[in-house]
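Undergrad: upload26.txt is reproduced below (compact mmCIF, C-alpha atoms and all ligand atoms).
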```
# COMPACT_ATOMS: atom_id res chain seq x y z
CA MET A 1 40.25 15.80 5.40
CA LYS A 2 42.17 12.59 5.60
CA SER A 3 42.45 10.55 2.45
CA SER A 4 41.40 6.91 2.33
CA VAL A 5 44.07 6.24 -0.27
CA GLU A 6 47.39 4.76 0.81
CA LYS A 7 49.48 3.56 -2.08
CA ARG A 8 50.10 -0.15 -1.88
CA VAL A 9 50.97 -2.72 -4.44
CA ALA A 10 48.88 -5.88 -4.21
CA GLY A 11 49.42 -8.81 -6.51
CA GLY A 12 51.76 -6.83 -8.70
CA ARG A 13 49.53 -3.86 -9.54
CA ASP A 14 48.53 -0.88 -7.48
CA VAL A 15 44.88 0.06 -7.18
CA ASP A 16 45.07 2.96 -9.63
CA GLU A 17 46.38 0.56 -12.24
CA ILE A 18 43.53 -1.83 -11.52
CA THR A 19 40.78 0.81 -11.57
CA GLY A 20 42.29 3.12 -14.17
CA GLY A 21 42.12 5.81 -11.51
CA ARG A 22 38.33 5.57 -11.23
CA ARG A 23 37.78 5.71 -7.51
CA LEU A 24 34.08 5.69 -6.74
CA ARG A 25 34.68 6.25 -3.04
CA ARG A 26 35.66 9.85 -3.89
CA MET A 27 32.04 11.05 -3.78
CA ARG A 28 31.25 9.02 -0.69
CA LYS A 29 33.89 10.62 1.47
CA ALA A 30 31.73 13.14 3.33
CA ASP A 31 28.15 13.78 4.26
CA TRP A 32 27.90 16.83 1.99
CA SER A 33 29.17 14.98 -1.07
CA ARG A 34 26.94 12.01 -0.41
CA ARG A 35 23.96 14.34 -0.19
CA LEU A 36 25.06 16.11 -3.35
CA VAL A 37 25.10 13.00 -5.52
CA GLN A 38 22.01 11.39 -4.00
CA GLU A 39 19.76 10.20 -6.84
CA ASN A 40 16.52 9.41 -5.06
CA GLN A 41 14.70 10.99 -2.20
CA LEU A 42 11.73 10.17 -0.06
CA THR A 43 9.41 13.01 0.95
CA VAL A 44 6.16 13.13 2.90
CA ASN A 45 4.40 13.65 -0.43
CA ASP A 46 5.16 10.03 -1.25
CA LEU A 47 3.22 8.60 1.67
CA ILE A 48 -0.23 7.06 1.80
CA TRP A 49 -1.31 5.93 5.24
CA PRO A 50 -3.53 2.81 5.50
CA VAL A 51 -5.73 2.91 8.62
CA PHE A 52 -8.10 0.46 10.30
CA ILE A 53 -11.53 1.52 11.51
CA ILE A 54 -13.99 0.04 14.01
CA ASP A 55 -17.48 0.97 15.07
CA GLY A 56 -18.17 2.78 18.31
CA GLU A 57 -16.79 5.83 19.99
CA ASN A 58 -13.51 6.82 21.52
CA ARG A 59 -12.08 3.34 21.30
CA ARG A 60 -8.75 1.94 20.12
CA GLU A 61 -7.70 -1.67 19.79
CA ASP A 62 -4.19 -2.96 19.46
CA ILE A 63 -3.42 -5.36 16.64
CA PRO A 64 -0.90 -7.75 18.20
CA ALA A 65 0.55 -8.85 14.87
CA MET A 66 1.14 -5.21 13.88
CA PRO A 67 2.94 -3.52 16.79
CA GLY A 68 2.23 0.21 16.82
CA VAL A 69 -0.88 -0.06 14.62
CA GLN A 70 -4.37 0.21 16.07
CA ARG A 71 -7.94 -0.02 14.94
CA VAL A 72 -9.74 3.17 15.88
CA THR A 73 -13.29 4.49 15.93
CA ILE A 74 -14.27 7.21 13.46
CA ASP A 75 -14.02 10.06 15.99
CA LEU A 76 -10.42 9.07 16.75
CA LEU A 77 -9.67 8.47 13.09
CA VAL A 78 -10.55 12.08 12.38
CA ARG A 79 -8.00 13.19 14.95
CA GLU A 80 -5.36 10.88 13.49
CA ALA A 81 -6.11 12.28 10.06
CA GLU A 82 -5.65 15.81 11.37
CA ARG A 83 -2.27 14.79 12.71
CA ALA A 84 -1.38 13.17 9.38
CA ALA A 85 -2.43 16.28 7.47
CA LYS A 86 -0.27 18.42 9.76
CA LEU A 87 2.65 16.15 9.00
CA GLY A 88 2.03 16.75 5.29
CA ILE A 89 0.83 13.24 4.45
CA PRO A 90 -1.29 13.69 1.30
CA SER A 91 -3.76 10.86 1.74
CA ILE A 92 -5.04 7.98 3.80
CA ALA A 93 -6.51 4.64 2.80
CA THR A 94 -9.27 3.25 5.01
CA PHE A 95 -9.93 -0.39 5.89
CA PRO A 96 -12.89 -1.39 8.05
CA ASN A 97 -13.07 -4.14 10.63
CA VAL A 98 -16.76 -4.88 10.31
CA ASP A 99 -18.78 -6.42 13.12
CA LEU A 100 -19.15 -10.16 12.51
CA SER A 101 -22.93 -9.91 12.70
CA LEU A 102 -22.89 -7.72 9.58
CA ARG A 103 -20.89 -10.15 7.45
CA ASP A 104 -22.64 -12.57 5.11
CA ASP A 105 -22.08 -14.82 2.12
CA THR A 106 -22.22 -12.06 -0.46
CA GLY A 107 -20.76 -9.23 1.58
CA SER A 108 -24.02 -7.33 1.17
CA ALA A 109 -23.10 -4.70 3.78
CA ILE A 110 -20.69 -3.21 1.24
CA LEU A 111 -23.83 -1.87 -0.48
CA ASP A 112 -25.01 0.00 2.60
CA PRO A 113 -24.46 3.73 2.00
CA ASP A 114 -24.07 4.09 5.79
CA ASN A 115 -21.61 1.27 6.37
CA LEU A 116 -18.49 1.83 8.43
CA ILE A 117 -16.26 2.77 5.55
CA ASN A 118 -18.73 5.30 4.10
CA ARG A 119 -19.39 6.90 7.49
CA ALA A 120 -15.66 7.23 7.99
CA THR A 121 -15.24 8.89 4.60
CA ARG A 122 -18.02 11.39 5.34
CA ALA A 123 -16.49 12.29 8.68
CA LEU A 124 -13.02 12.65 7.17
CA LYS A 125 -14.16 14.85 4.30
CA ALA A 126 -16.19 17.02 6.66
CA GLU A 127 -13.46 17.47 9.28
CA VAL A 128 -10.17 17.12 7.39
CA PRO A 129 -10.96 18.10 3.79
CA GLU A 130 -7.31 18.71 2.96
CA ILE A 131 -6.42 15.02 3.13
CA GLY A 132 -7.23 12.70 0.21
CA VAL A 133 -9.35 9.67 1.05
CA ILE A 134 -8.71 6.40 -0.74
CA THR A 135 -11.28 3.68 -0.19
CA ASP A 136 -10.65 0.02 -0.81
CA VAL A 137 -13.62 -1.32 -2.69
CA ALA A 138 -13.36 -4.92 -1.56
CA LEU A 139 -15.66 -7.55 -0.21
CA ASP A 140 -13.36 -9.29 2.24
CA PRO A 141 -14.22 -7.15 5.29
CA PHE A 142 -17.90 -7.85 4.60
CA THR A 143 -18.02 -11.55 3.69
CA SER A 144 -18.48 -14.31 6.24
CA HIS A 145 -15.81 -16.34 4.40
CA GLY A 146 -13.17 -13.62 4.05
CA HIS A 147 -12.96 -13.81 0.28
CA ASP A 148 -12.85 -10.77 -1.98
CA GLY A 149 -15.55 -12.11 -4.24
CA ILE A 150 -18.98 -13.65 -4.02
CA LEU A 151 -18.71 -17.37 -3.35
CA ARG A 152 -21.13 -19.69 -5.18
CA ASP A 153 -20.72 -23.47 -5.00
CA GLY A 154 -17.11 -23.11 -3.96
CA ILE A 155 -16.28 -20.73 -6.80
CA ILE A 156 -15.55 -17.01 -6.61
CA VAL A 157 -17.88 -15.70 -9.28
CA ASN A 158 -16.46 -12.88 -11.34
CA ASP A 159 -19.22 -10.93 -13.00
CA GLU A 160 -21.63 -10.80 -10.10
CA THR A 161 -18.79 -9.60 -7.89
CA VAL A 162 -17.89 -6.88 -10.40
CA GLU A 163 -21.47 -5.66 -10.51
CA GLN A 164 -21.59 -5.39 -6.73
CA LEU A 165 -18.23 -3.64 -6.50
CA ALA A 166 -19.27 -1.07 -9.10
CA THR A 167 -22.37 -0.20 -7.06
CA ALA A 168 -20.31 -0.08 -3.86
CA ALA A 169 -17.82 2.24 -5.56
CA VAL A 170 -20.65 4.69 -6.36
CA HIS A 171 -21.67 4.72 -2.67
CA GLN A 172 -18.06 5.31 -1.68
CA ALA A 173 -17.79 8.19 -4.15
CA ALA A 174 -21.09 9.64 -2.91
CA ALA A 175 -19.68 9.55 0.63
CA GLY A 176 -16.76 11.64 -0.62
CA ALA A 177 -13.99 9.21 -1.55
CA ASP A 178 -11.40 10.86 -3.78
CA ILE A 179 -9.84 7.68 -5.09
CA ILE A 180 -11.45 4.26 -5.40
CA ALA A 181 -9.04 1.36 -5.05
CA PRO A 182 -10.37 -2.01 -6.20
CA SER A 183 -8.26 -4.73 -4.61
CA ASP A 184 -10.05 -7.87 -5.72
CA MET A 185 -8.45 -8.71 -9.10
CA MET A 186 -11.76 -9.67 -10.74
CA ASP A 187 -11.69 -9.29 -14.51
CA GLY A 188 -13.34 -6.15 -15.81
CA ARG A 189 -13.78 -4.42 -12.47
CA VAL A 190 -11.88 -1.24 -13.35
CA GLY A 191 -13.96 -0.59 -16.46
CA ALA A 192 -17.20 -1.39 -14.67
CA ILE A 193 -16.33 0.94 -11.78
CA ARG A 194 -15.30 3.71 -14.20
CA ASP A 195 -18.60 3.41 -16.06
CA ALA A 196 -20.62 3.41 -12.85
CA LEU A 197 -18.78 6.43 -11.46
CA ASP A 198 -19.20 8.38 -14.70
CA ALA A 199 -22.86 7.48 -15.02
CA ASN A 200 -23.50 8.78 -11.50
CA GLY A 201 -21.75 12.11 -11.80
CA PHE A 202 -18.41 11.12 -10.29
CA ALA A 203 -16.19 11.67 -13.31
CA ASP A 204 -13.58 13.36 -11.12
CA VAL A 205 -13.20 10.43 -8.74
CA ALA A 206 -10.03 8.56 -9.64
CA ILE A 207 -9.27 4.85 -9.70
CA MET A 208 -6.12 3.41 -8.23
CA SER A 209 -6.17 -0.19 -9.31
CA TYR A 210 -4.44 -2.88 -7.34
CA ALA A 211 -3.23 -3.83 -10.81
CA THR A 212 -0.83 -6.49 -9.71
CA LYS A 213 -1.86 -8.11 -6.52
CA PHE A 214 -0.04 -11.33 -5.79
CA ALA A 215 -1.28 -14.33 -3.83
CA SER A 216 1.05 -13.57 -0.96
CA ALA A 217 1.82 -14.79 2.53
CA PHE A 218 2.74 -11.24 3.51
CA TYR A 219 -0.91 -10.25 4.06
CA GLY A 220 -1.07 -12.34 7.24
CA PRO A 221 -1.20 -9.61 9.88
CA TYR A 222 -3.79 -7.63 7.87
CA ARG A 223 -6.19 -10.54 8.21
CA GLU A 224 -5.94 -10.13 11.97
CA ALA A 225 -6.43 -6.38 11.58
CA ILE A 226 -9.73 -6.67 9.72
CA GLY A 227 -10.78 -9.84 11.52
CA THR A 228 -10.76 -12.35 8.67
CA GLN A 229 -7.98 -14.59 9.94
CA GLY A 230 -10.28 -17.27 11.30
CA LEU A 231 -12.82 -16.92 8.52
CA LEU A 232 -10.91 -17.41 5.32
CA LYS A 233 -11.56 -20.78 3.76
CA GLY A 234 -9.05 -21.90 1.20
CA ASP A 235 -6.82 -19.35 -0.48
CA LYS A 236 -7.05 -16.51 -2.97
CA LYS A 237 -5.09 -18.15 -5.78
CA THR A 238 -7.98 -18.15 -8.26
CA TYR A 239 -7.98 -14.36 -8.35
CA TYR A 240 -4.60 -13.02 -7.20
CA ILE A 241 -1.48 -13.42 -9.35
CA ASP A 242 0.98 -16.27 -8.88
CA PRO A 243 4.15 -14.83 -7.26
CA ALA A 244 6.13 -16.58 -10.00
CA ASN A 245 4.75 -14.40 -12.80
CA THR A 246 5.93 -11.12 -14.29
CA ASP A 247 4.39 -11.07 -17.77
CA GLU A 248 0.98 -11.73 -16.27
CA ALA A 249 1.48 -8.70 -14.03
CA LEU A 250 2.15 -6.59 -17.11
CA ARG A 251 -0.94 -7.89 -18.88
CA GLU A 252 -3.09 -7.18 -15.82
CA THR A 253 -1.77 -3.65 -15.65
CA GLU A 254 -2.19 -3.01 -19.37
CA GLN A 255 -5.77 -4.20 -19.06
CA ASP A 256 -6.52 -1.97 -16.07
CA ILE A 257 -5.07 1.06 -17.86
CA ALA A 258 -7.17 0.31 -20.94
CA GLU A 259 -10.24 0.10 -18.70
CA GLY A 260 -9.52 3.49 -17.14
CA ALA A 261 -7.16 3.16 -14.17
CA ASP A 262 -5.58 6.51 -13.30
CA MET A 263 -2.91 5.02 -11.08
CA VAL A 264 -1.65 1.51 -10.63
CA MET A 265 -0.34 -0.31 -7.61
CA VAL A 266 1.90 -3.26 -6.94
CA LYS A 267 1.27 -5.37 -3.86
CA PRO A 268 3.12 -6.57 -1.81
CA GLY A 269 5.98 -4.11 -2.08
CA LEU A 270 9.58 -4.97 -1.34
CA PRO A 271 9.48 -8.56 -2.63
CA TYR A 272 8.04 -7.22 -5.91
CA LEU A 273 10.19 -4.20 -6.76
CA ASP A 274 11.07 -5.81 -10.10
CA ILE A 275 7.39 -5.52 -10.99
CA VAL A 276 7.31 -1.85 -9.96
CA TRP A 277 10.33 -1.16 -12.13
CA ARG A 278 8.90 -2.98 -15.11
CA LEU A 279 5.50 -1.27 -14.85
CA LYS A 280 7.02 2.19 -14.59
CA GLU A 281 9.35 1.53 -17.52
CA THR A 282 6.53 0.15 -19.64
CA PHE A 283 3.55 2.36 -18.87
CA GLN A 284 4.85 5.65 -17.35
CA LEU A 285 1.73 5.89 -15.23
CA PRO A 286 1.54 7.05 -11.60
CA THR A 287 2.82 3.87 -9.96
CA PHE A 288 2.46 2.92 -6.32
CA ALA A 289 3.43 0.04 -4.11
CA TYR A 290 1.81 -1.27 -0.97
CA GLN A 291 4.29 -2.11 1.75
CA VAL A 292 1.91 -4.63 3.28
CA SER A 293 1.29 -5.72 6.83
CA GLY A 294 3.77 -8.61 6.81
CA GLU A 295 6.55 -6.37 5.56
CA TYR A 296 5.77 -3.84 8.27
CA SER A 297 5.60 -6.45 11.00
CA MET A 298 8.87 -8.09 9.98
CA ILE A 299 10.71 -4.83 10.43
CA LYS A 300 8.95 -4.11 13.71
CA ALA A 301 9.61 -7.60 15.08
CA ALA A 302 13.28 -7.65 14.14
CA SER A 303 13.65 -4.20 15.60
CA ALA A 304 11.89 -5.18 18.85
CA ASN A 305 14.34 -8.06 19.15
CA GLY A 306 17.26 -5.73 18.70
CA TRP A 307 18.27 -7.48 15.49
CA ILE A 308 18.04 -4.42 13.26
CA ASP A 309 17.79 -0.69 13.70
CA GLY A 310 14.06 -0.38 13.02
CA GLU A 311 14.07 3.29 12.13
CA ARG A 312 16.88 2.98 9.61
CA ALA A 313 15.34 -0.16 8.12
CA MET A 314 12.04 1.70 7.77
CA MET A 315 13.63 4.64 5.92
CA GLU A 316 15.79 2.38 3.79
CA SER A 317 12.84 0.23 2.75
CA LEU A 318 10.80 3.30 1.80
CA LEU A 319 13.66 4.75 -0.21
CA ALA A 320 13.97 1.44 -2.06
CA PHE A 321 10.45 1.98 -3.42
CA LYS A 322 11.48 5.36 -4.81
CA ARG A 323 14.57 3.89 -6.39
CA ALA A 324 12.43 1.23 -8.10
CA GLY A 325 10.26 3.94 -9.65
CA CYS A 326 7.36 4.38 -7.24
CA ASP A 327 5.54 7.70 -7.16
CA GLY A 328 4.24 6.84 -3.73
CA ILE A 329 3.97 4.12 -1.12
CA LEU A 330 1.11 2.83 0.98
CA THR A 331 2.77 2.15 4.30
CA TYR A 332 1.80 1.69 7.93
CA PHE A 333 5.02 3.58 8.69
CA ALA A 334 3.58 6.77 7.16
CA PRO A 335 3.26 8.88 10.34
CA GLU A 336 6.51 7.62 11.78
CA ALA A 337 8.37 8.22 8.52
CA ALA A 338 6.75 11.65 8.10
CA GLU A 339 7.86 12.66 11.60
CA ARG A 340 11.36 11.54 10.77
CA LEU A 341 11.31 13.43 7.44
CA GLN A 342 10.07 16.62 9.10
CA GLY A 343 13.06 16.42 11.39
C1 LIG A 401 -8.10 -7.31 0.44
C2 LIG A 401 -6.90 -6.63 0.96
C3 LIG A 401 -5.82 -7.24 1.58
C4 LIG A 401 -4.92 -6.24 1.90
C5 LIG A 401 -5.46 -5.01 1.49
N1 LIG A 401 -6.70 -5.28 0.89
C6 LIG A 401 -5.58 -8.65 1.97
C7 LIG A 401 -5.91 -9.70 1.04
O1 LIG A 401 -6.07 -9.47 -0.13
O2 LIG A 401 -6.02 -10.85 1.46
C8 LIG A 401 -3.62 -6.49 2.54
C9 LIG A 401 -2.95 -5.34 3.14
C10 LIG A 401 -1.82 -5.71 4.02
O3 LIG A 401 -1.45 -6.88 4.18
O4 LIG A 401 -1.29 -4.78 4.62
N2 LIG A 401 -9.12 -6.53 0.06
```
Please, can you express the file's structure as C-alpha cells?
Ligand code: PBG
TA:
Amino acid sequence: MKSSVEKRVAGGRDVDEITGGRRLRRMRKADWSRRLVQENQLTVNDLIWPVFIIDGENRREDIPAMPGVQRVTIDLLVREAERAAKLGIPSIATFPNVDLSLRDDTGSAILDPDNLINRATRALKAEVPEIGVITDVALDPFTSHGHDGILRDGIIVNDETVEQLATAAVHQAAAGADIIAPSDMMDGRVGAIRDALDANGFADVAIMSYATKFASAFYGPYREAIGTQGLLKGDKKTYYIDPANTDEALRETEQDIAEGADMVMVKPGLPYLDIVWRLKETFQLPTFAYQVSGEYSMIKAASANGWIDGERAMMESLLAFKRAGCDGILTYFAPEAAERLQG
C-alpha cells in the first residue's frame, strides 16, 4: 500500500513535529481499517416505518410532497407490512388519512373502535403478527381544524383532550396495538393513558411518548399526507415546544418518564440531535427520533435535482441518529434503508 506521507517542511516544522507523530489518517487508509474502528452502526433493528392509510380497497395514492411515499388501503398495507417484516424491520407506525366527512370539532371519530386506524391494527396483527404496531394516539387526523386537541373558544383545552386520548388509547390497545404513541404534548396525557391501559387489562402495552415535540416547519409534507394542510387554523405553538428550548425538553421528558413512558422520542430528528444526546445522557431510557416528513422530502428533492447522492445522504442521516444516541429511528426511508442494509 502506498503511504500518504511525504516528508516536507512547511513553515519551518515538518508535520511529525507539528502533530507529535499522531497521524489520525493512519486508521482511515483502507476500507478494512475504517470498518474496524467504526464506532456506530445502523441495522434494520433500528428502523420504525411510518405508514399512511386510507379507506377502501386495493388503492394507493401518491403524496406529491413526499416522493416515493403513498397512502394505501388496509389490504395493501398488510402486504407492505409483510415485505417490511421480511426485510427485518421490527415495527411500523400507522397514520390515517380520515375521510373529511368523518372529521369534526372534537375529533370524535378517534373514539370509534372501528375507525380506520383500529381496523388497520386488527388486520396487521391478524396477518403479520411478527411486526410491532405503534399507533399514534392523536386527534389531528380526526378534527375538522387539524389541531391535536379539542378546540373550545379558540383554545386547545388540555384536560378534556387528555380524557379523550386515554379512551382512544384503550380502543387502540384493544385492536392490538403494541405501543401507544401520544403525539399531542398535552399535560398529563402519558399518566392518564397508562392508568386507562392498566385499568382495562393492557398492562403490557407500552407507551412511546413524543416527549419532546417541537413546533416545527418540518411537518409540512405530513399535513398533505393526512389531509390537514388546508384545515389547520393558526399554529400549534400553545402545545408543542419552542424550537429555541432545551431545558424545557428535558423537563417534558422527565415528566413523561415519571408518568410511565417506556420509551421517549424526539421530533423532528436531525435538527434536534442535541436534544437526543442530552436525553440519552440524562435519562438512559430507550430513546428514539422521528426523521419527519420535511427531512425526508428535503433529501428526496435534492436527490431528484441531482444536487446530492440521495442514497448516501439517507444512510448518513440515519447513522447520525445512532451517533447521537438513538436506539431507533422513525423514518419514511425504512424499507429503502433496510434493503440497502440487507445488501
Ligand atoms: C400529529 C403528528 C404530526 C406528525 C406526526 N404526528 C404533525 C403535527 O404534529 O403537526 C408529523 C410527522 C411528519 O412530519 O413526518 N399528531
Undergrad: For ligand LIG 401 (chain A), which residue out of A:Ser303, A:Thr253, A:Gln38, A:Asn97 is the nearest one, using only C-alpha atoms and all ligand atoms?
TA: A:Asn97
Undergrad: Show which residues sit within 10 Å of range 225-238 of chain A, as a compact mmCIF listing (two decimals) with C-alpha atoms, keeping the file's coordinate frame. Count only C-alpha atoms, and ignore same-chain residues fewer than 2 positions away.
TA:
```
# COMPACT_ATOMS: atom_id res chain seq x y z
CA VAL A 51 -5.73 2.91 8.62
CA PHE A 52 -8.10 0.46 10.30
CA ILE A 53 -11.53 1.52 11.51
CA ILE A 54 -13.99 0.04 14.01
CA GLU A 61 -7.70 -1.67 19.79
CA ASP A 62 -4.19 -2.96 19.46
CA ILE A 63 -3.42 -5.36 16.64
CA PRO A 64 -0.90 -7.75 18.20
CA ALA A 65 0.55 -8.85 14.87
CA MET A 66 1.14 -5.21 13.88
CA VAL A 69 -0.88 -0.06 14.62
CA GLN A 70 -4.37 0.21 16.07
CA ARG A 71 -7.94 -0.02 14.94
CA PHE A 95 -9.93 -0.39 5.89
CA PRO A 96 -12.89 -1.39 8.05
CA ASN A 97 -13.07 -4.14 10.63
CA VAL A 98 -16.76 -4.88 10.31
CA ASP A 99 -18.78 -6.42 13.12
CA LEU A 100 -19.15 -10.16 12.51
CA ASP A 140 -13.36 -9.29 2.24
CA PRO A 141 -14.22 -7.15 5.29
CA PHE A 142 -17.90 -7.85 4.60
CA THR A 143 -18.02 -11.55 3.69
CA SER A 144 -18.48 -14.31 6.24
CA HIS A 145 -15.81 -16.34 4.40
CA GLY A 146 -13.17 -13.62 4.05
CA HIS A 147 -12.96 -13.81 0.28
CA ASP A 148 -12.85 -10.77 -1.98
CA GLY A 149 -15.55 -12.11 -4.24
CA GLY A 154 -17.11 -23.11 -3.96
CA ILE A 155 -16.28 -20.73 -6.80
CA ILE A 156 -15.55 -17.01 -6.61
CA ASP A 184 -10.05 -7.87 -5.72
CA MET A 185 -8.45 -8.71 -9.10
CA MET A 186 -11.76 -9.67 -10.74
CA PHE A 214 -0.04 -11.33 -5.79
CA ALA A 215 -1.28 -14.33 -3.83
CA SER A 216 1.05 -13.57 -0.96
CA GLY A 220 -1.07 -12.34 7.24
CA PRO A 221 -1.20 -9.61 9.88
CA TYR A 222 -3.79 -7.63 7.87
CA ARG A 223 -6.19 -10.54 8.21
CA TYR A 240 -4.60 -13.02 -7.20
CA ILE A 241 -1.48 -13.42 -9.35
CA ASP A 242 0.98 -16.27 -8.88
CA PRO A 243 4.15 -14.83 -7.26
CA SER A 293 1.29 -5.72 6.83
```
Undergrad: By how many Å are CA of Ile179 in chain A and CA of Thr212 in chain A apart?
TA: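 Separation of CA of Ile179 in chain A and CA of Thr212 in chain A: 17.4 Å.
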Undergrad: Report, in Å to a single decimal, how far apart CA of Leu102 in chain A and CA of Thr73 in chain A are.
TA: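 One can read the CA of Thr73 in chain A to CA of Leu102 in chain A distance as 16.8 Å.
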Undergrad: Excluding Ile257 in chain A and residues on its chain fewer than 6 positions from it, collect all residues at most 9 Å away from it, counting only C-alpha atoms, and give them as a PyMOL selection string.
TA: chain A and resi 190+209+211+263-264+283+285
Undergrad: CA of Asn118 in chain A and CA of Ala175 in chain A, how far apart in Å?
TA: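 CA of Asn118 in chain A lies at a distance of 5.6 Å from CA of Ala175 in chain A.
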Undergrad: Measuring atom to atom with only C-alpha atoms and all ligand atoms, identify which of A:Gly343, A:Gly328, A:Pro286, A:Pro50 is nearest to ligand LIG 401 (chain A).
TA: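 Smallest distance to ligand LIG 401 (chain A) is found for A:Pro50.
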Undergrad: Using only the atoms of range 49-59 of chain A listed in the file, plus 4 Å on each side, state the axis-aligned box centre and edge lengths in Å rounded to one decimal, as AutoDock Vina command-line options.
TA:
```
--center_x -9.7 --center_y 3.4 --center_z 13.4 --size_x 24.9 --size_y 14.8 --size_z 24.3
```
Undergrad: Which is closer to ligand LIG 401 (chain A) than all the others in A:Ala304, A:Met298, A:Leu87, A:Ile193, using only C-alpha atoms and all ligand atoms?
TA: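 Using only C-alpha atoms and all ligand atoms, ligand LIG 401 (chain A) sits closest to A:Met298.
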Undergrad: Here's a test: counting all atoms listed in the file, identify every protein, DNA and RNA residue with an atom at most 6 Å from (5.3, -1.7, -3.3) in the file's coordinate frame, and state them as a compact mmCIF listing (two decimals) with C-alpha atoms, keeping the file's coordinate frame.
TA:
```txt
# COMPACT_ATOMS: atom_id res chain seq x y z
CA VAL A 266 1.90 -3.26 -6.94
CA LYS A 267 1.27 -5.37 -3.86
CA PRO A 268 3.12 -6.57 -1.81
CA GLY A 269 5.98 -4.11 -2.08
CA LEU A 270 9.58 -4.97 -1.34
CA ALA A 289 3.43 0.04 -4.11
CA TYR A 290 1.81 -1.27 -0.97
CA GLN A 291 4.29 -2.11 1.75
```
Undergrad: Rank A:Gly176, A:Ile275, A:Val137, A:Leu318 by their smallest atom-to-atom distance to ligand LIG 401 (chain A), using only C-alpha atoms and all ligand atoms, and report the top residue only.
TA: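 Result for the nearest residue to ligand LIG 401 (chain A): A:Val137.
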Undergrad: Which one is closest to Arg122 in chain A: A:Thr106, A:Arg83, A:Ala177, A:Glu336? Count all atoms listed in the file.
TA: A:Ala177
